[in-house]
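For reference, target_22.pdb is printed below; it contains PDB, C-alpha atoms and all ligand atoms.
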ATOM      1  CA  MET A 125       8.231  30.637   9.156  1.00  0.00           C
ATOM      2  CA  THR A 126      10.966  27.984   9.494  1.00  0.00           C
ATOM      3  CA  VAL A 127      11.752  25.309   6.906  1.00  0.00           C
ATOM      4  CA  LYS A 128      10.215  22.768   9.300  1.00  0.00           C
ATOM      5  CA  ASP A 129       6.984  24.782   9.547  1.00  0.00           C
ATOM      6  CA  ILE A 130       6.768  25.033   5.766  1.00  0.00           C
ATOM      7  CA  VAL A 131       7.343  21.310   5.280  1.00  0.00           C
ATOM      8  CA  ASN A 132       4.678  20.553   7.898  1.00  0.00           C
ATOM      9  CA  LYS A 133       2.267  22.972   6.233  1.00  0.00           C
ATOM     10  CA  TYR A 134       2.554  20.901   3.058  1.00  0.00           C
ATOM     11  CA  LYS A 135       2.225  17.660   5.027  1.00  0.00           C
ATOM     12  CA  ASN A 136       5.780  16.449   4.344  1.00  0.00           C
ATOM     13  CA  LYS A 137       4.732  15.353   0.868  1.00  0.00           C
ATOM     14  CA  ARG A 138       7.246  15.010  -1.943  1.00  0.00           C
ATOM     15  CA  GLU A 139       4.640  15.985  -4.511  1.00  0.00           C
ATOM     16  CA  ASN A 140       4.489  19.387  -2.825  1.00  0.00           C
ATOM     17  CA  LEU A 141       8.215  19.984  -3.318  1.00  0.00           C
ATOM     18  CA  LEU A 142       7.789  22.895  -5.741  1.00  0.00           C
ATOM     19  CA  LEU A 143       5.291  24.651  -3.454  1.00  0.00           C
ATOM     20  CA  ILE A 144       7.619  24.085  -0.517  1.00  0.00           C
ATOM     21  CA  LEU A 145      10.640  25.450  -2.403  1.00  0.00           C
ATOM     22  CA  HIS A 146       8.620  28.451  -3.511  1.00  0.00           C
ATOM     23  CA  GLU A 147       7.587  29.264   0.041  1.00  0.00           C
ATOM     24  CA  ILE A 148      11.082  28.715   1.462  1.00  0.00           C
ATOM     25  CA  GLN A 149      12.473  31.101  -1.141  1.00  0.00           C
ATOM     26  CA  ASN A 150       9.744  33.692  -0.437  1.00  0.00           C
ATOM     27  CA  CYS A 151      10.405  33.512   3.303  1.00  0.00           C
ATOM     28  CA  HIS A 152      14.115  34.180   2.884  1.00  0.00           C
ATOM     29  CA  PRO A 153      14.802  37.926   3.227  1.00  0.00           C
ATOM     30  CA  GLN A 154      17.167  37.682   0.246  1.00  0.00           C
ATOM     31  CA  ASN A 155      14.681  35.819  -1.921  1.00  0.00           C
ATOM     32  CA  TYR A 156      16.733  32.700  -2.627  1.00  0.00           C
ATOM     33  CA  LEU A 157      17.271  29.072  -1.707  1.00  0.00           C
ATOM     34  CA  SER A 158      20.231  29.042   0.649  1.00  0.00           C
ATOM     35  CA  LYS A 159      22.488  26.012   1.121  1.00  0.00           C
ATOM     36  CA  GLU A 160      21.396  25.808   4.770  1.00  0.00           C
ATOM     37  CA  ASP A 161      17.685  25.844   3.885  1.00  0.00           C
ATOM     38  CA  ILE A 162      18.160  23.150   1.232  1.00  0.00           C
ATOM     39  CA  GLU A 163      20.040  20.953   3.714  1.00  0.00           C
ATOM     40  CA  LEU A 164      17.324  21.425   6.332  1.00  0.00           C
ATOM     41  CA  LEU A 165      14.650  20.649   3.760  1.00  0.00           C
ATOM     42  CA  SER A 166      16.504  17.511   2.691  1.00  0.00           C
ATOM     43  CA  LYS A 167      16.485  16.241   6.300  1.00  0.00           C
ATOM     44  CA  GLU A 168      12.838  17.135   6.901  1.00  0.00           C
ATOM     45  CA  ILE A 169      11.367  15.733   3.703  1.00  0.00           C
ATOM     46  CA  LYS A 170      13.924  12.949   3.220  1.00  0.00           C
ATOM     47  CA  ILE A 171      14.898  13.812  -0.333  1.00  0.00           C
ATOM     48  CA  PRO A 172      18.639  13.983  -1.162  1.00  0.00           C
ATOM     49  CA  VAL A 173      20.102  17.485  -1.527  1.00  0.00           C
ATOM     50  CA  SER A 174      21.189  16.633  -5.084  1.00  0.00           C
ATOM     51  CA  ASP A 175      17.589  15.802  -6.078  1.00  0.00           C
ATOM     52  CA  ILE A 176      16.258  19.033  -4.550  1.00  0.00           C
ATOM     53  CA  VAL A 177      18.916  21.110  -6.311  1.00  0.00           C
ATOM     54  CA  GLY A 178      18.287  19.203  -9.568  1.00  0.00           C
ATOM     55  CA  THR A 179      14.563  19.961  -9.400  1.00  0.00           C
ATOM     56  CA  ALA A 180      14.956  23.614  -8.413  1.00  0.00           C
ATOM     57  CA  SER A 181      17.573  24.325 -11.092  1.00  0.00           C
ATOM     58  CA  PHE A 182      15.061  23.278 -13.717  1.00  0.00           C
ATOM     59  CA  TYR A 183      12.905  26.336 -12.961  1.00  0.00           C
ATOM     60  CA  SER A 184      14.084  29.899 -13.602  1.00  0.00           C
ATOM     61  CA  MET A 185      11.972  31.214 -10.706  1.00  0.00           C
ATOM     62  CA  PHE A 186      14.371  29.662  -8.193  1.00  0.00           C
ATOM     63  CA  SER A 187      17.699  31.229  -7.342  1.00  0.00           C
ATOM     64  CA  PHE A 188      20.702  29.835  -5.475  1.00  0.00           C
ATOM     65  CA  THR A 189      22.248  33.257  -4.993  1.00  0.00           C
ATOM     66  CA  PRO A 190      20.997  36.100  -2.771  1.00  0.00           C
ATOM     67  CA  ARG A 191      18.667  38.557  -4.496  1.00  0.00           C
ATOM     68  CA  GLY A 192      16.821  41.767  -3.728  1.00  0.00           C
ATOM     69  CA  LYS A 193      13.539  42.118  -1.883  1.00  0.00           C
ATOM     70  CA  TYR A 194      11.854  42.890  -5.214  1.00  0.00           C
ATOM     71  CA  ILE A 195      12.573  40.674  -8.213  1.00  0.00           C
ATOM     72  CA  ILE A 196      11.867  42.513 -11.455  1.00  0.00           C
ATOM     73  CA  ARG A 197      11.335  40.062 -14.294  1.00  0.00           C
ATOM     74  CA  VAL A 198      11.168  41.612 -17.753  1.00  0.00           C
ATOM     75  CA  CYS A 199       9.487  39.477 -20.414  1.00  0.00           C
ATOM     76  CA  GLU A 200      11.798  38.941 -23.391  1.00  0.00           C
ATOM     77  CA  SER A 201       9.530  36.760 -25.546  1.00  0.00           C
ATOM     78  CA  LEU A 202       8.575  37.887 -29.026  1.00  0.00           C
ATOM     79  CA  PRO A 203       5.363  39.921 -28.488  1.00  0.00           C
ATOM     80  CA  CYS A 204       6.983  41.911 -25.674  1.00  0.00           C
ATOM     81  CA  HIS A 205      10.232  42.153 -27.614  1.00  0.00           C
ATOM     82  CA  LEU A 206       8.420  43.637 -30.616  1.00  0.00           C
ATOM     83  CA  LEU A 207       6.606  46.140 -28.428  1.00  0.00           C
ATOM     84  CA  GLY A 208       9.672  47.518 -26.680  1.00  0.00           C
ATOM     85  CA  ALA A 209      10.887  45.121 -23.979  1.00  0.00           C
ATOM     86  CA  GLN A 210      14.473  46.256 -24.636  1.00  0.00           C
ATOM     87  CA  THR A 211      13.522  49.883 -23.972  1.00  0.00           C
ATOM     88  CA  ILE A 212      11.947  48.830 -20.678  1.00  0.00           C
ATOM     89  CA  PHE A 213      15.061  46.837 -19.780  1.00  0.00           C
ATOM     90  CA  LYS A 214      17.309  49.802 -20.531  1.00  0.00           C
ATOM     91  CA  ALA A 215      15.068  52.200 -18.598  1.00  0.00           C
ATOM     92  CA  ILE A 216      15.223  49.957 -15.522  1.00  0.00           C
ATOM     93  CA  GLU A 217      18.989  49.487 -15.865  1.00  0.00           C
ATOM     94  CA  THR A 218      19.520  53.223 -16.074  1.00  0.00           C
ATOM     95  CA  LYS A 219      17.135  54.048 -13.244  1.00  0.00           C
ATOM     96  CA  LEU A 220      18.547  51.458 -10.834  1.00  0.00           C
ATOM     97  CA  GLY A 221      22.170  51.450 -12.009  1.00  0.00           C
ATOM     98  CA  ILE A 222      22.273  47.669 -12.419  1.00  0.00           C
ATOM     99  CA  LYS A 223      22.477  45.214 -15.314  1.00  0.00           C
ATOM    100  CA  GLU A 224      20.506  42.017 -15.859  1.00  0.00           C
ATOM    101  CA  GLY A 225      21.210  39.515 -13.075  1.00  0.00           C
ATOM    102  CA  GLU A 226      22.426  42.188 -10.657  1.00  0.00           C
ATOM    103  CA  THR A 227      21.009  43.495  -7.381  1.00  0.00           C
ATOM    104  CA  THR A 228      20.986  47.116  -6.239  1.00  0.00           C
ATOM    105  CA  LYS A 229      23.417  47.976  -3.440  1.00  0.00           C
ATOM    106  CA  ASP A 230      20.570  48.649  -1.019  1.00  0.00           C
ATOM    107  CA  GLY A 231      19.367  45.062  -1.584  1.00  0.00           C
ATOM    108  CA  LEU A 232      15.992  46.268  -2.814  1.00  0.00           C
ATOM    109  CA  PHE A 233      15.850  45.245  -6.489  1.00  0.00           C
ATOM    110  CA  THR A 234      17.152  42.408  -8.662  1.00  0.00           C
ATOM    111  CA  LEU A 235      16.712  42.610 -12.424  1.00  0.00           C
ATOM    112  CA  GLU A 236      16.084  39.461 -14.465  1.00  0.00           C
ATOM    113  CA  GLY A 237      14.892  38.569 -17.949  1.00  0.00           C
ATOM    114  CA  THR A 238      12.232  35.924 -18.403  1.00  0.00           C
ATOM    115  CA  SER A 239      10.176  34.192 -21.057  1.00  0.00           C
ATOM    116  CA  CYS A 240       6.455  34.861 -21.618  1.00  0.00           C
ATOM    117  CA  LEU A 241       4.564  35.789 -18.461  1.00  0.00           C
ATOM    118  CA  GLY A 242       1.216  34.895 -20.019  1.00  0.00           C
ATOM    119  CA  ILE A 243      -0.027  38.472 -20.247  1.00  0.00           C
ATOM    120  CA  CYS A 244       0.994  39.191 -23.860  1.00  0.00           C
ATOM    121  CA  SER A 245      -2.171  41.252 -24.468  1.00  0.00           C
ATOM    122  CA  VAL A 246      -0.596  43.997 -22.345  1.00  0.00           C
ATOM    123  CA  ALA A 247       2.932  43.749 -23.804  1.00  0.00           C
ATOM    124  CA  PRO A 248       5.499  44.936 -22.963  1.00  0.00           C
ATOM    125  CA  ALA A 249       5.058  43.373 -19.556  1.00  0.00           C
ATOM    126  CA  ILE A 250       6.997  42.700 -16.399  1.00  0.00           C
ATOM    127  CA  MET A 251       6.428  41.093 -13.023  1.00  0.00           C
ATOM    128  CA  ILE A 252       7.704  42.533  -9.772  1.00  0.00           C
ATOM    129  CA  ASN A 253       7.505  39.666  -7.286  1.00  0.00           C
ATOM    130  CA  ASP A 254       3.937  38.381  -7.726  1.00  0.00           C
ATOM    131  CA  GLU A 255       2.521  41.538  -9.277  1.00  0.00           C
ATOM    132  CA  ALA A 256       2.140  41.975 -13.051  1.00  0.00           C
ATOM    133  CA  TYR A 257       2.501  45.281 -14.891  1.00  0.00           C
ATOM    134  CA  GLY A 258       1.671  45.824 -18.559  1.00  0.00           C
ATOM    135  CA  ASN A 259       1.464  48.405 -21.350  1.00  0.00           C
ATOM    136  CA  LEU A 260       4.698  49.821 -20.036  1.00  0.00           C
ATOM    137  CA  ASP A 261       6.789  52.685 -21.260  1.00  0.00           C
ATOM    138  CA  GLU A 262       9.822  54.409 -19.738  1.00  0.00           C
ATOM    139  CA  GLU A 263       7.749  56.881 -17.769  1.00  0.00           C
ATOM    140  CA  LYS A 264       5.406  54.267 -16.338  1.00  0.00           C
ATOM    141  CA  ILE A 265       8.181  51.936 -15.186  1.00  0.00           C
ATOM    142  CA  GLY A 266      10.007  54.882 -13.612  1.00  0.00           C
ATOM    143  CA  LYS A 267       6.918  55.766 -11.576  1.00  0.00           C
ATOM    144  CA  ILE A 268       6.387  52.162 -10.471  1.00  0.00           C
ATOM    145  CA  LEU A 269       9.967  51.919  -9.191  1.00  0.00           C
ATOM    146  CA  ASP A 270       9.678  55.306  -7.454  1.00  0.00           C
ATOM    147  CA  GLN A 271       6.495  54.172  -5.698  1.00  0.00           C
ATOM    148  CA  ILE A 272       8.185  51.024  -4.409  1.00  0.00           C
ATOM    149  CA  ARG A 273      11.191  53.020  -3.166  1.00  0.00           C
ATOM    150  CA  GLU A 274       8.858  55.506  -1.466  1.00  0.00           C
ATOM    151  CA  LYS A 275       6.889  52.722   0.223  1.00  0.00           C
ATOM    152  CA  GLU A 276      10.106  51.116   1.441  1.00  0.00           C
ATOM    153  CA  SER A 277      11.536  54.344   2.823  1.00  0.00           C
ATOM    154  CA  LYS A 278       8.263  54.992   4.703  1.00  0.00           C
ATOM    155  CA  ASN A 279       8.431  51.465   6.151  1.00  0.00           C
ATOM    156  CA  ASN A 280      11.953  52.187   7.386  1.00  0.00           C
ATOM    157  CA  ASP A 281      10.972  55.455   9.114  1.00  0.00           C
TER
HETATM  158  S1  LIG B 301       5.310  37.683 -24.619  1.00  0.00           S
HETATM  159 FE1  LIG B 301       5.555  38.982 -22.914  1.00  0.00          FE
HETATM  160  S2  LIG B 301       3.938  38.380 -21.628  1.00  0.00           S
HETATM  161 FE2  LIG B 301       3.781  37.021 -23.274  1.00  0.00          FE
END
Translate the structure described by the file into structure tokens.
Amino acid sequence: MTVKDIVNKYKNKRENLLLILHEIQNCHPQNYLSKEDIELLSKEIKIPVSDIVGTASFYSMFSFTPRGKYIIRVCESLPCHLLGAQTIFKAIETKLGIKEGETTKDGLFTLEGTSCLGICSVAPAIMINDEAYGNLDEEKIGKILDQIREKESKNND
């Protein structure tokens, strides 16, 4: 879907800016808001680029740099922290060979920290794109990442 299509879908309304930005980011194969897309959006919706960037930078879910197909967000708030979020972080770093804020060389995964995901009852918790995972331990997270890799390699066959 093009930026124009997305803006039209949300009826060119300024109050839909966050939904529009979210969809533009999701439609980009590298999961981010590119300079070109922001400029196109600015023209379509008639909001200055600086205002769009100002709004998007307020929210941690938006990125201005290219990211992987799967964004892994590890909750770092207190309940998850107390129940082992750091172990989960380390397990993911070791498994994927990346640090927080980095993307794997194959462009598949980006690792990020985040505040509470609203699913504290299943701490420690993470989100991978729009999917939530809870009650994690090193083994469980390893299996989840393996399953995603397997699915992706099948898709590429
Ligand atoms: S503290 Fe981690 S999901 Fe709420």
**Message:** Here's the selection I'm unsure about, the PyMOL selection byres (((chain A and resi 131) around 12) and not hetatm); applied to the file above, which residues does it give, as a ChimeraX atom specification?
**Reply:** /A:125-130,132-148,161-162,164-170
Could you report the residues within 7 Å of ligand LIG 301 (chain B), using all atoms listed in the file, as a PDB file with C-alpha atoms, in the coordinates of the input?
ATOM      1  CA  CYS A 199       9.487  39.477 -20.414  1.00  0.00           C
ATOM      2  CA  GLU A 200      11.798  38.941 -23.391  1.00  0.00           C
ATOM      3  CA  SER A 201       9.530  36.760 -25.546  1.00  0.00           C
ATOM      4  CA  LEU A 202       8.575  37.887 -29.026  1.00  0.00           C
ATOM      5  CA  PRO A 203       5.363  39.921 -28.488  1.00  0.00           C
ATOM      6  CA  CYS A 204       6.983  41.911 -25.674  1.00  0.00           C
ATOM      7  CA  SER A 239      10.176  34.192 -21.057  1.00  0.00           C
ATOM      8  CA  CYS A 240       6.455  34.861 -21.618  1.00  0.00           C
ATOM      9  CA  LEU A 241       4.564  35.789 -18.461  1.00  0.00           C
ATOM     10  CA  GLY A 242       1.216  34.895 -20.019  1.00  0.00           C
ATOM     11  CA  ILE A 243      -0.027  38.472 -20.247  1.00  0.00           C
ATOM     12  CA  CYS A 244       0.994  39.191 -23.860  1.00  0.00           C
ATOM     13  CA  ALA A 247       2.932  43.749 -23.804  1.00  0.00           C
ATOM     14  CA  PRO A 248       5.499  44.936 -22.963  1.00  0.00           C
ATOM     15  CA  ALA A 249       5.058  43.373 -19.556  1.00  0.00           C
TER      16      ALA A 249
END
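Counting only C-alpha atoms, the residue from A:Gln149, A:Lys264, A:Leu232, A:Ile252 that sits nearest to Lys193 in chain A is A:Leu232.
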Please tabulate, as CSV, the residues of range 135-205 of chain A that come within 12 Å of range 271-280 of chain A, each with its closest pair of atoms and the distance in Å to one decimal, counting only C-alpha atoms and ordering rows by chain, then residue number upward.
residue,atom,partner,partner_atom,distance
A:Lys193,CA,A:Glu276,CA,10.2
A:Tyr194,CA,A:Ile272,CA,9.0
A:Ile195,CA,A:Ile272,CA,11.9
A:Ile196,CA,A:Ile272,CA,11.6
Box for range 184-196 of chain A - axis-aligned, 6 Å on each of the six sides, all listed atoms - centre and size in Å to one decimal, as JSON.
{"center_x": 17.1, "center_y": 36.3, "center_z": -7.7, "size_x": 22.4, "size_y": 25.2, "size_z": 23.7}
**Request:** Record the distance separating CA of Glu263 in chain A and CA of Leu235 in chain A, expressed in Å with one decimal.
**Result:**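 One can read the CA of Glu263 in chain A to CA of Leu235 in chain A distance as 17.7 Å.
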